[in-house]
Amino acid sequence: MNICVTAQNNNLESQVDPRFGRCNCFIIVDTETMKFEAINNPSISATGGAGVQAGQLMASKQVKAVLSGNIGPNAFQSLQQAGIDIISGVSGNVREAIERYKKGEFKPTQGPSANSKFGMS
Amino acid sequence: MIISIASGKGGTGKTTVAVNLALSLSSAYVGTIQIIDCDVEEPNAHIFLKPHITKTLPISIPVPRVIEKRCTYCGKCQEVCVYNAIAVIKNSTQNDPLTDSQTSAPGGKVLIFPELCHSCGGCSLFCPEKAIEEVGREIGIIQIGTAGNIEFVDGKLNIGEAMSPPLIRAVKKNITNNKVVIIDAPPGTSCPVIGSIKGSDYCILVTEPTPFGMNDLILAVEVIRKLNIAFGVVINRTDIPTASGQTGYQEVENYCSKENIPVLMRIPFDRKIAESYSKGIPMVEFIPEYITKFIQLFNNIKKSNHK
């Protein structure tokens with residue numbers, strides 16, 4: 001089963017990126033084998049719609065869940081529509097986040113955790 | 001003749017110049033003056049002119065709506081939308097192990113994010129199934145009225161709305177040719193400003209002798225030169241002191257003369273002007289000597305435009 005963790009760098013030892021739509025990197029990992037693919041976020045500096053694009057990317061990668069720090073309203077709607085579990089408030093190291101997910105420590109979030117443009121810096 | 005008032009930096013005195021120019025002209029000319037407040041994110045000419053509003057119109061922009069029964073979730077609309085205002089989420093097309101074929105009706109859902117939409121119409125144009133229609137989304141209002149013998153028009157963008165140019169265009173549709181039209185533009189140098197001043201016969205740039213005023217004046221000049229509109233500068237608060245105790249006034253004068261930009265008017269840093277402003281009273285009512293100065297400003301513009 002594939003899940004996605006937003007990361008500040010392109011490996012499992014990196015920190016979880018607190019922004020979903022404007023994270024540095026999406027790490028898509030197979031939770032059984034821990035094999036992963038790191039995708040540099042193409043929309044990191046988009047003027048608008050970064051969350052929508054990230055949501056579409058997740059849908060196309062058919063991930064089961066997304067783990068991130070904060071997820072905005074448009075991204076939330078896109079992910080929800082695609083039937084992807086959304087887990088916000090995740091921090092720390094990517095590998096640890098995956099382990100915690102596997103142990104069932106996280107509960108899917110019921111609503112967006114940040115406002116529009118939260119990840120703009 | 002359309003004269004727009006712009007500035008680069010905000011708070012330099014655009015509205016002061018626009019309102020007082022309109023009042024001065026209306027006191028001297030027989031023809032009607034029109035004032036158009038294009039600063040739809042923060043319109044303020046009405047505070048000084050106190051117009052009697054006779055008409056209020058809602059303004060909408062077209063946004064897409066999907067006719068679900070026609071949609072095949074092909075994703076073309078999403079592909080053409082550079083603003084990511086449409087997301088097509090396909091139901092995952094897994095192979096059916098029983099029939100060993102792809103499930104026949106994949107289906108899905110089209111999400112529309114109206115606040116990201118720029119109303120270009122691309123999605124409905126390119127939809128191969130003609131499954132996208134356009135519906136209106138209200139972004140603000142325009143108000144039309146009179147203040148004495150001045151015709152007044154302004155626009156008010158709804159709070160939280162990001163795109164003002166469509167509303168500015170709607171406001172400008174009320175311009176009556178062959179009148180003297182004064183446009184109060186928003187500050188800055190981006191799309192709303194360009195949308196406001198485009199089509200003007202002349203543009204007055206209002207600046208103040210501060211480092212920010214100077215910096216933004218230079219940017220505004222670059223924009224106006226690109227638009228090929230004749231322009232001049234009004235220096236407001238000429239003797240405003242800076243932290244070092246010096247004024248940047250001479251710097252503005254030097255810049256203008258070096259760039260061959262006429263300085264149309266110089267307004268001193270006068271407590272009386274600030275007082276009238278704070279009470280919402282136009283300065284020409286408080287200090288009537290300025291009426292002739294504004295009329296002279298207008299005559300100079302007219303002369304330079306006929307050269």
# chains A, B, ... in the order shown; residues from 1 in each chain; ligands from 1

call {"tool": "select_by_dssp", "arguments": {"residues": "stretch 50-221 of chain B", "states": "alpha helix (DSSP H)", "output": "PyMOL selection string"}}
result
chain B and resi 76-80+122-126+165-172+191-197+211-221

call {"tool": "interface_residues", "arguments": {"of": "chain B", "to": "chain A", "cutoff": "12 Å", "atoms": "only C-alpha atoms", "output": "NGL selection string"}}
result
:B and (75 or 78-79 or 81-94 or 107-118 or 160 or 162)

call {"tool": "residues_around", "arguments": {"residues": "B:Val263", "least_positions_apart": "5", "cutoff": "8 Å", "atoms": "only C-alpha atoms", "output": "number ranges by chain"}}
result
B: 232-235, 253, 256

call {"tool": "atom_distance", "arguments": {"atom1": "atom CA of A:Val29", "atom2": "atom CA of A:Arg95"}}
result
9.8 Å

call {"tool": "closest_residue", "arguments": {"among": "A:Ile44, A:Ala97, A:Met58, A:Ala38", "to": "A:Gly119", "atoms": "only C-alpha atoms"}}
result
A:Ile44

call {"tool": "residues_around", "arguments": {"residues": "A:Pro73", "least_positions_apart": "2", "cutoff": "8 Å", "atoms": "only C-alpha atoms", "output": "CSV table (one decimal) with all heavy atoms, in the first residue's frame"}}
result
chain,number,residue,atom,x,y,z
A,71,ILE,N,-2.9,21.1,6.0
A,71,ILE,CA,-3.5,20.9,4.7
A,71,ILE,C,-4.6,21.9,4.5
A,71,ILE,O,-5.5,22.0,5.4
A,71,ILE,CB,-4.0,19.4,4.6
A,71,ILE,CG1,-2.8,18.5,4.4
A,71,ILE,CG2,-4.9,19.3,3.3
A,71,ILE,CD1,-3.1,17.1,4.9
A,75,ALA,N,-6.9,21.7,-1.2
A,75,ALA,CA,-6.2,20.4,-1.2
A,75,ALA,C,-7.0,19.4,-0.5
A,75,ALA,O,-7.2,18.2,-0.9
A,75,ALA,CB,-4.8,20.5,-0.5
A,76,PHE,N,-7.6,19.8,0.6
A,76,PHE,CA,-8.5,18.9,1.4
A,76,PHE,C,-9.6,18.3,0.6
A,76,PHE,O,-9.9,17.1,0.5
A,76,PHE,CB,-9.0,19.6,2.7
A,76,PHE,CG,-9.7,18.7,3.6
A,76,PHE,CD1,-8.9,18.1,4.6
A,76,PHE,CD2,-11.0,18.4,3.6
A,76,PHE,CE1,-9.5,17.2,5.5
A,76,PHE,CE2,-11.6,17.5,4.4
A,76,PHE,CZ,-10.9,16.9,5.4
A,77,GLN,N,-10.3,19.3,-0.1
A,77,GLN,CA,-11.4,18.9,-0.9
A,77,GLN,C,-11.0,17.9,-2.0
A,77,GLN,O,-11.7,16.9,-2.3
A,77,GLN,CB,-12.0,20.2,-1.6
A,77,GLN,CG,-13.5,20.2,-1.7
A,77,GLN,CD,-13.9,21.4,-2.5
A,77,GLN,OE1,-13.4,22.5,-2.4
A,77,GLN,NE2,-14.9,21.2,-3.3
A,111,GLY,N,-11.2,17.8,8.7
A,111,GLY,CA,-11.3,19.1,8.0
A,111,GLY,C,-10.0,19.7,7.7
A,111,GLY,O,-9.0,19.3,8.3
A,112,PRO,N,-9.9,20.7,6.9
A,112,PRO,CA,-8.6,21.4,6.6
A,112,PRO,C,-8.0,22.0,7.8
A,112,PRO,O,-8.7,22.4,8.7
A,112,PRO,CB,-9.0,22.5,5.6
A,112,PRO,CG,-10.5,22.6,5.6
A,112,PRO,CD,-11.0,21.3,6.1
A,113,SER,N,-6.7,22.0,7.9
A,113,SER,CA,-6.0,22.4,9.1
A,113,SER,C,-5.4,23.8,8.9
A,113,SER,O,-4.8,24.3,9.8
A,113,SER,CB,-5.0,21.4,9.6
A,113,SER,OG,-4.0,21.3,8.6
A,114,ALA,N,-5.5,24.3,7.7
A,114,ALA,CA,-4.9,25.7,7.5
A,114,ALA,C,-5.8,26.4,6.5
A,114,ALA,O,-6.5,25.8,5.7
A,114,ALA,CB,-3.5,25.5,6.9
A,115,ASN,N,-5.6,27.7,6.4
A,115,ASN,CA,-6.4,28.5,5.5
A,115,ASN,C,-5.6,28.6,4.2
A,115,ASN,O,-4.5,28.2,4.1
A,115,ASN,CB,-6.5,30.0,6.0
A,115,ASN,CG,-7.5,30.0,7.2
A,115,ASN,OD1,-8.4,29.3,7.2
A,115,ASN,ND2,-7.2,30.9,8.1
A,116,SER,N,-6.3,29.1,3.1
A,116,SER,CA,-5.7,29.3,1.8
A,116,SER,C,-4.4,30.1,2.0
A,116,SER,O,-4.4,31.0,2.9
A,116,SER,CB,-6.6,30.1,0.9
A,116,SER,OG,-7.8,29.3,0.6

call {"tool": "residues_around", "arguments": {"residues": "B:Val221", "least_positions_apart": "4", "cutoff": "9 Å", "atoms": "only C-alpha atoms", "output": "number ranges by chain"}}
result
B: 8, 205, 216-217, 225-226, 231

call {"tool": "write_last_selection", "arguments": {"atoms": "N, CA and C atoms", "output": "mmCIF file, in the first residue's frame"}}
result
data_model
loop_
_atom_site.group_PDB
_atom_site.id
_atom_site.type_symbol
_atom_site.label_atom_id
_atom_site.label_comp_id
_atom_site.auth_asym_id
_atom_site.auth_seq_id
_atom_site.Cartn_x
_atom_site.Cartn_y
_atom_site.Cartn_z
ATOM 1 N N GLY B 8 1.943 54.681 -7.895
ATOM 2 C CA GLY B 8 3.015 53.807 -7.400
ATOM 3 C C GLY B 8 2.776 53.570 -5.929
ATOM 4 N N LEU B 205 0.786 61.449 -11.973
ATOM 5 C CA LEU B 205 1.384 60.603 -10.942
ATOM 6 C C LEU B 205 1.600 61.446 -9.698
ATOM 7 N N ASP B 216 8.840 54.198 -5.793
ATOM 8 C CA ASP B 216 7.634 53.744 -6.484
ATOM 9 C C ASP B 216 7.250 54.672 -7.630
ATOM 10 N N LEU B 217 7.667 55.924 -7.550
ATOM 11 C CA LEU B 217 7.441 56.838 -8.671
ATOM 12 C C LEU B 217 8.200 56.338 -9.900
ATOM 13 N N ARG B 225 5.254 54.669 -19.295
ATOM 14 C CA ARG B 225 5.964 54.799 -20.575
ATOM 15 C C ARG B 225 5.654 53.605 -21.465
ATOM 16 N N LYS B 226 5.547 52.422 -20.862
ATOM 17 C CA LYS B 226 5.175 51.213 -21.636
ATOM 18 C C LYS B 226 3.775 51.388 -22.232
ATOM 19 N N PHE B 231 2.135 61.986 -19.394
ATOM 20 C CA PHE B 231 1.985 62.085 -17.942
ATOM 21 C C PHE B 231 2.831 63.202 -17.346
#

call {"tool": "closest_residue", "arguments": {"among": "A:Pro42, A:Phe26, A:Val66, A:Lys102", "to": "A:Gln80", "atoms": "only C-alpha atoms"}}
result
A:Val66

call {"tool": "residues_around", "arguments": {"residues": "A:Leu12", "least_positions_apart": "2", "cutoff": "10 Å", "atoms": "only C-alpha atoms", "output": "PyMOL selection string"}}
result
chain A and resi 5+7+9-10+14-16+27+29+34-36+38+93-98

call {"tool": "atom_distance", "arguments": {"atom1": "atom CA of A:Met120", "atom2": "atom CA of A:Cys25"}}
result
15.2 Å

call {"tool": "atom_distance", "arguments": {"atom1": "atom CA of A:Glu13", "atom2": "atom CA of A:Ala65"}}
result
19.4 Å

call {"tool": "residues_around", "arguments": {"residues": "B:Val153", "least_positions_apart": "5", "cutoff": "9 Å", "atoms": "only C-alpha atoms", "output": "PDB file with N, CA, C and O atoms, in the first residue's frame"}}
result
ATOM      1  N   GLN B  34     -16.953  63.920 -14.735  1.00  0.00           N
ATOM      2  CA  GLN B  34     -17.229  62.583 -14.218  1.00  0.00           C
ATOM      3  C   GLN B  34     -16.048  62.144 -13.364  1.00  0.00           C
ATOM      4  O   GLN B  34     -14.898  62.311 -13.772  1.00  0.00           O
ATOM      5  N   ILE B  35     -16.316  61.610 -12.202  1.00  0.00           N
ATOM      6  CA  ILE B  35     -15.230  61.039 -11.411  1.00  0.00           C
ATOM      7  C   ILE B  35     -15.483  59.547 -11.261  1.00  0.00           C
ATOM      8  O   ILE B  35     -16.587  59.111 -10.930  1.00  0.00           O
ATOM      9  N   ILE B  36     -14.442  58.778 -11.579  1.00  0.00           N
ATOM     10  CA  ILE B  36     -14.571  57.317 -11.586  1.00  0.00           C
ATOM     11  C   ILE B  36     -13.562  56.765 -10.579  1.00  0.00           C
ATOM     12  O   ILE B  36     -12.355  56.849 -10.802  1.00  0.00           O
ATOM     13  N   ASP B  37     -14.029  56.234  -9.486  1.00  0.00           N
ATOM     14  CA  ASP B  37     -13.114  55.677  -8.485  1.00  0.00           C
ATOM     15  C   ASP B  37     -12.860  54.208  -8.823  1.00  0.00           C
ATOM     16  O   ASP B  37     -13.716  53.345  -8.619  1.00  0.00           O
ATOM     17  N   CYS B  38     -11.675  53.955  -9.365  1.00  0.00           N
ATOM     18  CA  CYS B  38     -11.321  52.591  -9.787  1.00  0.00           C
ATOM     19  C   CYS B  38     -10.578  51.823  -8.695  1.00  0.00           C
ATOM     20  O   CYS B  38     -10.175  50.689  -8.910  1.00  0.00           O
ATOM     21  N   ILE B  53     -26.201  58.237  -4.281  1.00  0.00           N
ATOM     22  CA  ILE B  53     -26.156  57.060  -5.154  1.00  0.00           C
ATOM     23  C   ILE B  53     -27.562  56.760  -5.680  1.00  0.00           C
ATOM     24  O   ILE B  53     -28.512  56.630  -4.916  1.00  0.00           O
ATOM     25  N   ILE B 142     -21.093  47.962  -8.432  1.00  0.00           N
ATOM     26  CA  ILE B 142     -20.737  49.324  -8.823  1.00  0.00           C
ATOM     27  C   ILE B 142     -21.857  50.255  -8.381  1.00  0.00           C
ATOM     28  O   ILE B 142     -23.016  49.863  -8.309  1.00  0.00           O
ATOM     29  N   GLN B 143     -21.464  51.469  -8.048  1.00  0.00           N
ATOM     30  CA  GLN B 143     -22.431  52.467  -7.581  1.00  0.00           C
ATOM     31  C   GLN B 143     -22.337  53.698  -8.469  1.00  0.00           C
ATOM     32  O   GLN B 143     -21.248  54.174  -8.764  1.00  0.00           O
ATOM     33  N   ILE B 144     -23.503  54.159  -8.888  1.00  0.00           N
ATOM     34  CA  ILE B 144     -23.553  55.327  -9.770  1.00  0.00           C
ATOM     35  C   ILE B 144     -24.397  56.390  -9.074  1.00  0.00           C
ATOM     36  O   ILE B 144     -25.447  56.074  -8.503  1.00  0.00           O
ATOM     37  N   GLY B 145     -23.927  57.620  -9.112  1.00  0.00           N
ATOM     38  CA  GLY B 145     -24.689  58.680  -8.468  1.00  0.00           C
ATOM     39  C   GLY B 145     -24.173  60.044  -8.872  1.00  0.00           C
ATOM     40  O   GLY B 145     -23.442  60.187  -9.856  1.00  0.00           O
ATOM     41  N   THR B 146     -24.562  61.057  -8.106  1.00  0.00           N
ATOM     42  CA  THR B 146     -24.111  62.414  -8.394  1.00  0.00           C
ATOM     43  C   THR B 146     -23.675  63.102  -7.109  1.00  0.00           C
ATOM     44  O   THR B 146     -24.204  62.820  -6.030  1.00  0.00           O
ATOM     45  N   VAL B 171     -16.638  49.132 -13.918  1.00  0.00           N
ATOM     46  CA  VAL B 171     -16.737  50.531 -13.476  1.00  0.00           C
ATOM     47  C   VAL B 171     -16.467  51.451 -14.666  1.00  0.00           C
ATOM     48  O   VAL B 171     -17.207  52.408 -14.922  1.00  0.00           O
ATOM     49  N   LYS B 172     -15.429  51.125 -15.439  1.00  0.00           N
ATOM     50  CA  LYS B 172     -15.017  51.998 -16.542  1.00  0.00           C
ATOM     51  C   LYS B 172     -16.000  51.996 -17.714  1.00  0.00           C
ATOM     52  O   LYS B 172     -15.964  52.903 -18.542  1.00  0.00           O
ATOM     53  N   ASN B 174     -18.849  52.800 -17.536  1.00  0.00           N
ATOM     54  CA  ASN B 174     -19.727  53.943 -17.318  1.00  0.00           C
ATOM     55  C   ASN B 174     -19.110  55.275 -17.713  1.00  0.00           C
ATOM     56  O   ASN B 174     -19.714  56.328 -17.505  1.00  0.00           O
ATOM     57  N   ILE B 175     -17.904  55.213 -18.266  1.00  0.00           N
ATOM     58  CA  ILE B 175     -17.272  56.456 -18.713  1.00  0.00           C
ATOM     59  C   ILE B 175     -18.062  57.029 -19.891  1.00  0.00           C
ATOM     60  O   ILE B 175     -18.431  56.304 -20.810  1.00  0.00           O
TER      61      ILE B 175
END

call {"tool": "select_by_dssp", "arguments": {"residues": "stretch 70-280 of chain B", "states": "strand (DSSP E or B)", "output": "JSON, numbers by chain"}}
result
{"B": [86, 87, 88, 89, 90, 95, 96, 101, 102, 108, 109, 110, 111, 112, 132, 133, 134, 135, 136, 137, 138, 139, 140, 141, 142, 143, 144, 145, 146, 147, 150, 151, 152, 153, 154, 155, 156, 157, 180, 181, 182, 183, 184, 188, 202, 203, 204, 205, 206, 207, 230, 231, 232, 233, 234, 235, 236, 263, 264, 265, 266, 267]}

call {"tool": "decode", "arguments": {"residues": "stretch 34-45 of chain A", "atoms": "all heavy atoms", "output": "tab-separated table (two decimals), in the first residue's frame"}}
result
chain	number	residue	atom	x	y	z
A	34	MET	N	8.91	-0.49	2.20
A	34	MET	CA	9.60	0.78	2.48
A	34	MET	C	10.34	1.32	1.25
A	34	MET	O	11.17	2.22	1.35
A	34	MET	CB	10.55	0.67	3.68
A	34	MET	CG	9.84	0.55	5.02
A	34	MET	SD	8.69	1.92	5.38
A	34	MET	CE	9.76	3.08	6.22
A	35	LYS	N	10.01	0.77	0.08
A	35	LYS	CA	10.57	1.36	-1.15
A	35	LYS	C	9.85	2.67	-1.39
A	35	LYS	O	8.64	2.76	-1.17
A	35	LYS	CB	10.33	0.42	-2.34
A	35	LYS	CG	11.45	-0.56	-2.56
A	35	LYS	CD	11.29	-1.22	-3.92
A	35	LYS	CE	12.27	-2.37	-4.04
A	35	LYS	NZ	11.70	-3.49	-4.80
A	36	PHE	N	10.57	3.70	-1.82
A	36	PHE	CA	9.91	4.99	-2.00
A	36	PHE	C	10.33	5.71	-3.27
A	36	PHE	O	11.37	5.43	-3.85
A	36	PHE	CB	10.15	5.88	-0.77
A	36	PHE	CG	11.56	6.39	-0.65
A	36	PHE	CD1	11.91	7.63	-1.17
A	36	PHE	CD2	12.54	5.64	-0.02
A	36	PHE	CE1	13.21	8.10	-1.06
A	36	PHE	CE2	13.84	6.11	0.09
A	36	PHE	CZ	14.18	7.34	-0.44
A	37	GLU	N	9.44	6.64	-3.64
A	37	GLU	CA	9.73	7.51	-4.77
A	37	GLU	C	9.64	8.94	-4.23
A	37	GLU	O	8.68	9.27	-3.53
A	37	GLU	CB	8.65	7.30	-5.84
A	37	GLU	CG	8.77	8.20	-7.04
A	37	GLU	CD	7.52	8.16	-7.97
A	37	GLU	OE1	6.51	7.52	-7.60
A	37	GLU	OE2	7.58	8.79	-9.02
A	38	ALA	N	10.65	9.76	-4.51
A	38	ALA	CA	10.60	11.16	-4.06
A	38	ALA	C	10.29	12.04	-5.26
A	38	ALA	O	10.96	11.96	-6.29
A	38	ALA	CB	11.93	11.56	-3.44
A	39	ILE	N	9.25	12.85	-5.14
A	39	ILE	CA	8.87	13.74	-6.25
A	39	ILE	C	9.05	15.18	-5.77
A	39	ILE	O	8.42	15.60	-4.80
A	39	ILE	CB	7.40	13.52	-6.66
A	39	ILE	CG1	7.15	12.06	-7.04
A	39	ILE	CG2	7.01	14.45	-7.80
A	39	ILE	CD1	5.69	11.70	-7.18
A	40	ASN	N	9.90	15.93	-6.44
A	40	ASN	CA	10.02	17.35	-6.13
A	40	ASN	C	8.72	18.04	-6.50
A	40	ASN	O	8.19	17.82	-7.59
A	40	ASN	CB	11.19	17.97	-6.88
A	40	ASN	CG	12.52	17.52	-6.32
A	40	ASN	OD1	12.66	17.27	-5.12
A	40	ASN	ND2	13.50	17.36	-7.20
A	41	ASN	N	8.20	18.84	-5.60
A	41	ASN	CA	6.90	19.47	-5.81
A	41	ASN	C	6.96	20.46	-6.98
A	41	ASN	O	7.63	21.49	-6.89
A	41	ASN	CB	6.47	20.19	-4.52
A	41	ASN	CG	5.07	20.76	-4.64
A	41	ASN	OD1	4.45	20.68	-5.69
A	41	ASN	ND2	4.59	21.33	-3.55
A	42	PRO	N	6.25	20.16	-8.07
A	42	PRO	CA	6.32	21.08	-9.22
A	42	PRO	C	5.59	22.41	-8.97
A	42	PRO	O	5.84	23.38	-9.66
A	42	PRO	CB	5.64	20.29	-10.34
A	42	PRO	CG	4.76	19.28	-9.65
A	42	PRO	CD	5.40	18.99	-8.32
A	43	SER	N	4.70	22.43	-7.97
A	43	SER	CA	3.90	23.65	-7.76
A	43	SER	C	4.37	24.47	-6.58
A	43	SER	O	3.61	25.31	-6.08
A	43	SER	CB	2.43	23.29	-7.53
A	43	SER	OG	2.05	22.23	-8.32
A	44	ILE	N	5.60	24.25	-6.14
A	44	ILE	CA	6.02	24.91	-4.90
A	44	ILE	C	5.89	26.43	-4.97
A	44	ILE	O	5.55	27.07	-4.00
A	44	ILE	CB	7.45	24.48	-4.51
A	44	ILE	CG1	7.80	24.99	-3.12
A	44	ILE	CG2	8.48	24.91	-5.54
A	44	ILE	CD1	8.94	24.28	-2.46
A	45	SER	N	6.11	27.00	-6.16
A	45	SER	CA	6.01	28.46	-6.23
A	45	SER	C	4.86	28.92	-7.13
A	45	SER	O	4.87	30.03	-7.63
A	45	SER	CB	7.33	29.06	-6.68
A	45	SER	OG	7.73	28.46	-7.89
